[in-house]
Amino acid sequence: MPLHLTPAVAGKTEKRGICGKDLNKKGTPAGDLAIPEAAGLAPGCVFLLCVTCFQFLHYYDIFSVITFFRNGFRGVLHPALVAESWIVDYNAALATIGFMLFLGFVDDVLDVRWRVKLILPLFASLPLLVAYSGGTTVSIPRPLQSIAHLPSNLDLGWAYLLFMVLVTVFSTNSINILAGVNGLEAGQTFVIACSVLLHNILVVSGFFSATESVREGNLFSAYLMFPLAAVSFALLWYNWYPSRVFVGDTFTYFAGMTIAVAGILGHFSETLLIFLLPQVLNFIYSLPQLFKIVPCPRHRLPVFDPQTGLLRPKDQPDWNLVNLFLQLFGRCGENALCIRLLVFQTLCCGLAFVIRYFLQGVYKA
């Protein structure tokens with residue numbers, strides 16, 4: 001469905017003047033073309049539809065659902081054996097992701113300032129915070145238990161809610177600031193979503209030891225990651241080099257918030273941060289520019305050489321992974337640069353599985 005809706009939405013946004021030029025192709029005919037933005041609206045809407053259907057199947061027993069449809073919508077739907085609180089959290093997650101999708105589209109239309117962008121996830125996370133019914137107790141790593149004389153489980157109270165807010169703000173903006181190359185935003189989201197989905201499957205299947213509540217949380221996360229991976233791949237089809245559409249803040253905000261919600265309600269926020277290791281490194285490396293310690297241009301992009309068709313870092317390079325990779329590994333084409341960054345993303349996700357496997361039962365009880 002996103003494969004058909006994406007060009008339709010892109011055509012509508014282009015007619016409304018919501019489009020931009022590919023700065024990494026400046027000086028070539030492709031650099032003069034107007035490319036539709038906010039194409040992430042199509043996969044975002046399809047995602048919300050899919051997750052709503054998953055909720056229906058999760059809340060009700062699958063066999064009673066099949067019988068209900070076979071009988072022409074007659075009969076009784078029997079609730080599945082899931083906690084009632086999960087329905088509240090599920091609806092809160094839908095509201096939060098939908099709210100972030102809307103705010104991302106508003107950003108694409110109104111082009112809000114960076115300072116405002118940083119706090120947009122704070123407002124979008126309010127439904128999740130208000131409706132959150134999970135525990136606020138965390139397991140303390142065994143090394144810290146002996147060093148700081150802490151119990152195995154510690155109730156953080158309001159501090160845990162603050163942690164939830166910080167995770168949503170970081171995750172939502174992390175996809176947005178590691179960008180600027182055709183296919184990078186949709187590509188990294190696809191890799192992360194597939195990795196998180198695999199992690200969810202391993203936990204639910206019992207490969208990784210976990211409590212029953214953690215398994216339920218990972219099942220919930222899988223309901224989010226499966227459609228996210230699918231719609232991201234469909235968007236990547238059009239956003240891959242040479243890009244026919246720009247994903248816009250609509251997609252980056254919605255994708256980042258979805259990943260954050262999955263990690264929080266799935267109770268694997270520590271593992272999630274390893275999956276997001278490139279985004280964490282990019283954020284840390286970008287801090288001097290984000291906080292105006294050094295000048296920060298609007299578009300932190302490398303320089304395109306129309307003679308060779310290669311990208312190079314600026315004479316005074318911007319502080320992000322995109323330019324750092326060019327400094328470390330030399331000039332390359334835009335397509336090659338995107339592949340390098342996605343390979344790094346994949347390796348970091350693989351590292352998360354290795355760490356998760358070897359530290360289970362050792363790092364925590």
# chains A, B, ... in the order shown; residues from 1 in each chain; ligands from 1
call {"tool": "residues_around", "arguments": {"residues": "A:Ala222", "least_positions_apart": "5", "cutoff": "10 Å", "atoms": "only C-alpha atoms", "output": "list in words"}}
result
Ala193, Cys194, Val196, Leu197, Leu198, His199, Asn200, Ile201, Val204, Glu216, Gly217, Pro227, Leu228, Ala262 and Gly266 of chain A
call {"tool": "write_last_selection", "arguments": {"atoms": "C-alpha atoms", "output": "short mmCIF file (atom, residue, chain, number, x, y, z; two decimals), in the first residue's frame"}}
result
data_model
loop_
_atom_site.label_atom_id
_atom_site.label_comp_id
_atom_site.auth_asym_id
_atom_site.auth_seq_id
_atom_site.Cartn_x
_atom_site.Cartn_y
_atom_site.Cartn_z
CA ALA A 193 13.15 -1.67 12.97
CA CYS A 194 14.29 -5.07 11.64
CA VAL A 196 14.33 -4.51 17.16
CA LEU A 197 11.79 -6.89 15.61
CA LEU A 198 14.34 -9.73 15.67
CA HIS A 199 15.11 -8.90 19.31
CA ASN A 200 11.39 -9.01 20.12
CA ILE A 201 11.04 -12.41 18.47
CA VAL A 204 9.02 -13.79 23.03
CA GLU A 216 4.26 -9.13 26.68
CA GLY A 217 6.10 -5.85 26.23
CA PRO A 227 4.69 -2.39 10.09
CA LEU A 228 7.44 0.21 10.67
CA ALA A 262 8.62 0.36 21.45
CA GLY A 266 8.84 -3.16 25.61
#
call {"tool": "residues_around", "arguments": {"residues": "A:Phe99", "least_positions_apart": "5", "cutoff": "10 Å", "atoms": "only C-alpha atoms", "output": "list in words"}}
result
Ala93, Leu94, Gly104, Leu120, Pro121, Phe123, Ala124, Ser125, Leu126, Pro127, Tyr253, Phe254 and Met257 of chain A
call {"tool": "write_last_selection", "arguments": {"atoms": "N, CA and C atoms", "output": "PDB file, in the first residue's frame"}}
result
ATOM      1  N   ALA A  93       0.000   4.763  23.043  1.00  0.00           N
ATOM      2  CA  ALA A  93       1.089   4.715  22.061  1.00  0.00           C
ATOM      3  C   ALA A  93       0.605   5.183  20.701  1.00  0.00           C
ATOM      4  N   LEU A  94      -0.590   4.755  20.308  1.00  0.00           N
ATOM      5  CA  LEU A  94      -1.156   5.195  19.037  1.00  0.00           C
ATOM      6  C   LEU A  94      -1.338   6.709  19.012  1.00  0.00           C
ATOM      7  N   GLY A 104       5.183  16.478  12.845  1.00  0.00           N
ATOM      8  CA  GLY A 104       6.204  16.425  11.808  1.00  0.00           C
ATOM      9  C   GLY A 104       5.721  17.043  10.506  1.00  0.00           C
ATOM     10  N   LEU A 120       9.183  19.518  20.481  1.00  0.00           N
ATOM     11  CA  LEU A 120       7.960  18.940  19.926  1.00  0.00           C
ATOM     12  C   LEU A 120       7.666  17.542  20.477  1.00  0.00           C
ATOM     13  N   PRO A 121       8.677  16.664  20.618  1.00  0.00           N
ATOM     14  CA  PRO A 121       8.392  15.341  21.183  1.00  0.00           C
ATOM     15  C   PRO A 121       7.878  15.386  22.611  1.00  0.00           C
ATOM     16  N   PHE A 123       5.636  17.417  23.826  1.00  0.00           N
ATOM     17  CA  PHE A 123       4.178  17.517  23.767  1.00  0.00           C
ATOM     18  C   PHE A 123       3.559  16.228  23.234  1.00  0.00           C
ATOM     19  N   ALA A 124       4.211  15.620  22.264  1.00  0.00           N
ATOM     20  CA  ALA A 124       3.669  14.399  21.677  1.00  0.00           C
ATOM     21  C   ALA A 124       3.682  13.243  22.661  1.00  0.00           C
ATOM     22  N   SER A 125       4.613  13.241  23.603  1.00  0.00           N
ATOM     23  CA  SER A 125       4.719  12.135  24.559  1.00  0.00           C
ATOM     24  C   SER A 125       3.735  12.247  25.719  1.00  0.00           C
ATOM     25  N   LEU A 126       2.992  13.354  25.814  1.00  0.00           N
ATOM     26  CA  LEU A 126       2.062  13.538  26.928  1.00  0.00           C
ATOM     27  C   LEU A 126       1.015  12.430  27.036  1.00  0.00           C
ATOM     28  N   PRO A 127       0.379  11.977  25.929  1.00  0.00           N
ATOM     29  CA  PRO A 127      -0.591  10.874  26.069  1.00  0.00           C
ATOM     30  C   PRO A 127       0.030   9.614  26.653  1.00  0.00           C
ATOM     31  N   TYR A 253      10.267  12.175  12.437  1.00  0.00           N
ATOM     32  CA  TYR A 253       9.661  12.328  13.757  1.00  0.00           C
ATOM     33  C   TYR A 253       8.803  11.120  14.118  1.00  0.00           C
ATOM     34  N   PHE A 254       7.978  10.700  13.185  1.00  0.00           N
ATOM     35  CA  PHE A 254       7.093   9.566  13.463  1.00  0.00           C
ATOM     36  C   PHE A 254       7.899   8.288  13.675  1.00  0.00           C
ATOM     37  N   MET A 257       9.755   8.451  17.112  1.00  0.00           N
ATOM     38  CA  MET A 257       8.826   8.280  18.229  1.00  0.00           C
ATOM     39  C   MET A 257       8.356   6.831  18.333  1.00  0.00           C
TER      40      MET A 257
END
call {"tool": "residues_around", "arguments": {"residues": "A:Phe220", "least_positions_apart": "6", "cutoff": "10 Å", "atoms": "only C-alpha atoms", "output": "JSON, numbers by chain"}}
result
{"A": [51, 54, 55, 58, 86, 89, 90, 200, 214, 261, 262, 265, 266]}
call {"tool": "closest_residue", "arguments": {"among": "A:Arg215, A:Ala10, A:Pro278, A:Lys292", "to": "A:Phe325", "atoms": "only C-alpha atoms"}}
result
A:Pro278
call {"tool": "select_by_dssp", "arguments": {"residues": "stretch 71-242 of chain A", "states": "strand (DSSP E)", "output": "PyMOL selection string"}}
result
chain A and resi 137-139+153-155
call {"tool": "residues_around", "arguments": {"residues": "A:Phe233", "least_positions_apart": "4", "cutoff": "7 Å", "atoms": "only C-alpha atoms", "output": "PDB file with C-alpha atoms, in the first residue's frame"}}
result
ATOM      1  CA  PHE A 190      14.510   0.036   8.282  1.00  0.00           C
ATOM      2  CA  ALA A 229       9.955  -1.970   8.843  1.00  0.00           C
ATOM      3  CA  TRP A 237      12.157   2.425  -2.624  1.00  0.00           C
TER       4      TRP A 237
END
call {"tool": "closest_residue", "arguments": {"among": "A:Phe353, A:Phe47, A:Asp315, A:Thr308", "to": "A:Arg331", "atoms": "only C-alpha atoms"}}
result
A:Thr308
call {"tool": "closest_atom_pairs", "arguments": {"of": "stretch 272-293 of chain A", "to": "stretch 332-345 of chain A", "cutoff": "8 Å", "atoms": "only C-alpha atoms", "output": "Markdown table"}}
result
| residue | atom | partner | partner_atom | distance |
| --- | --- | --- | --- | --- |
| A:Phe275 | CA | A:Gln345 | CA | 7.9 |
| A:Leu276 | CA | A:Gln345 | CA | 8.0 |
| A:Leu277 | CA | A:Gln345 | CA | 7.8 |
| A:Pro278 | CA | A:Gln345 | CA | 6.2 |
call {"tool": "write_last_selection", "arguments": {"atoms": "C-alpha atoms", "output": "JSON list (two decimals), in the first residue's frame"}}
result
[["chain", "number", "residue", "atom", "x", "y", "z"],
["A", 275, "PHE", "CA", 20.72, -0.30, 18.46],
["A", 276, "LEU", "CA", 20.81, 3.51, 18.25],
["A", 277, "LEU", "CA", 24.58, 3.71, 18.80],
["A", 278, "PRO", "CA", 25.26, 5.61, 15.53]]
call {"tool": "closest_residue", "arguments": {"among": "A:Ala34, A:Ser286, A:Asn239, A:Val46", "to": "A:Gly11", "atoms": "only C-alpha atoms"}}
result
A:Ala34
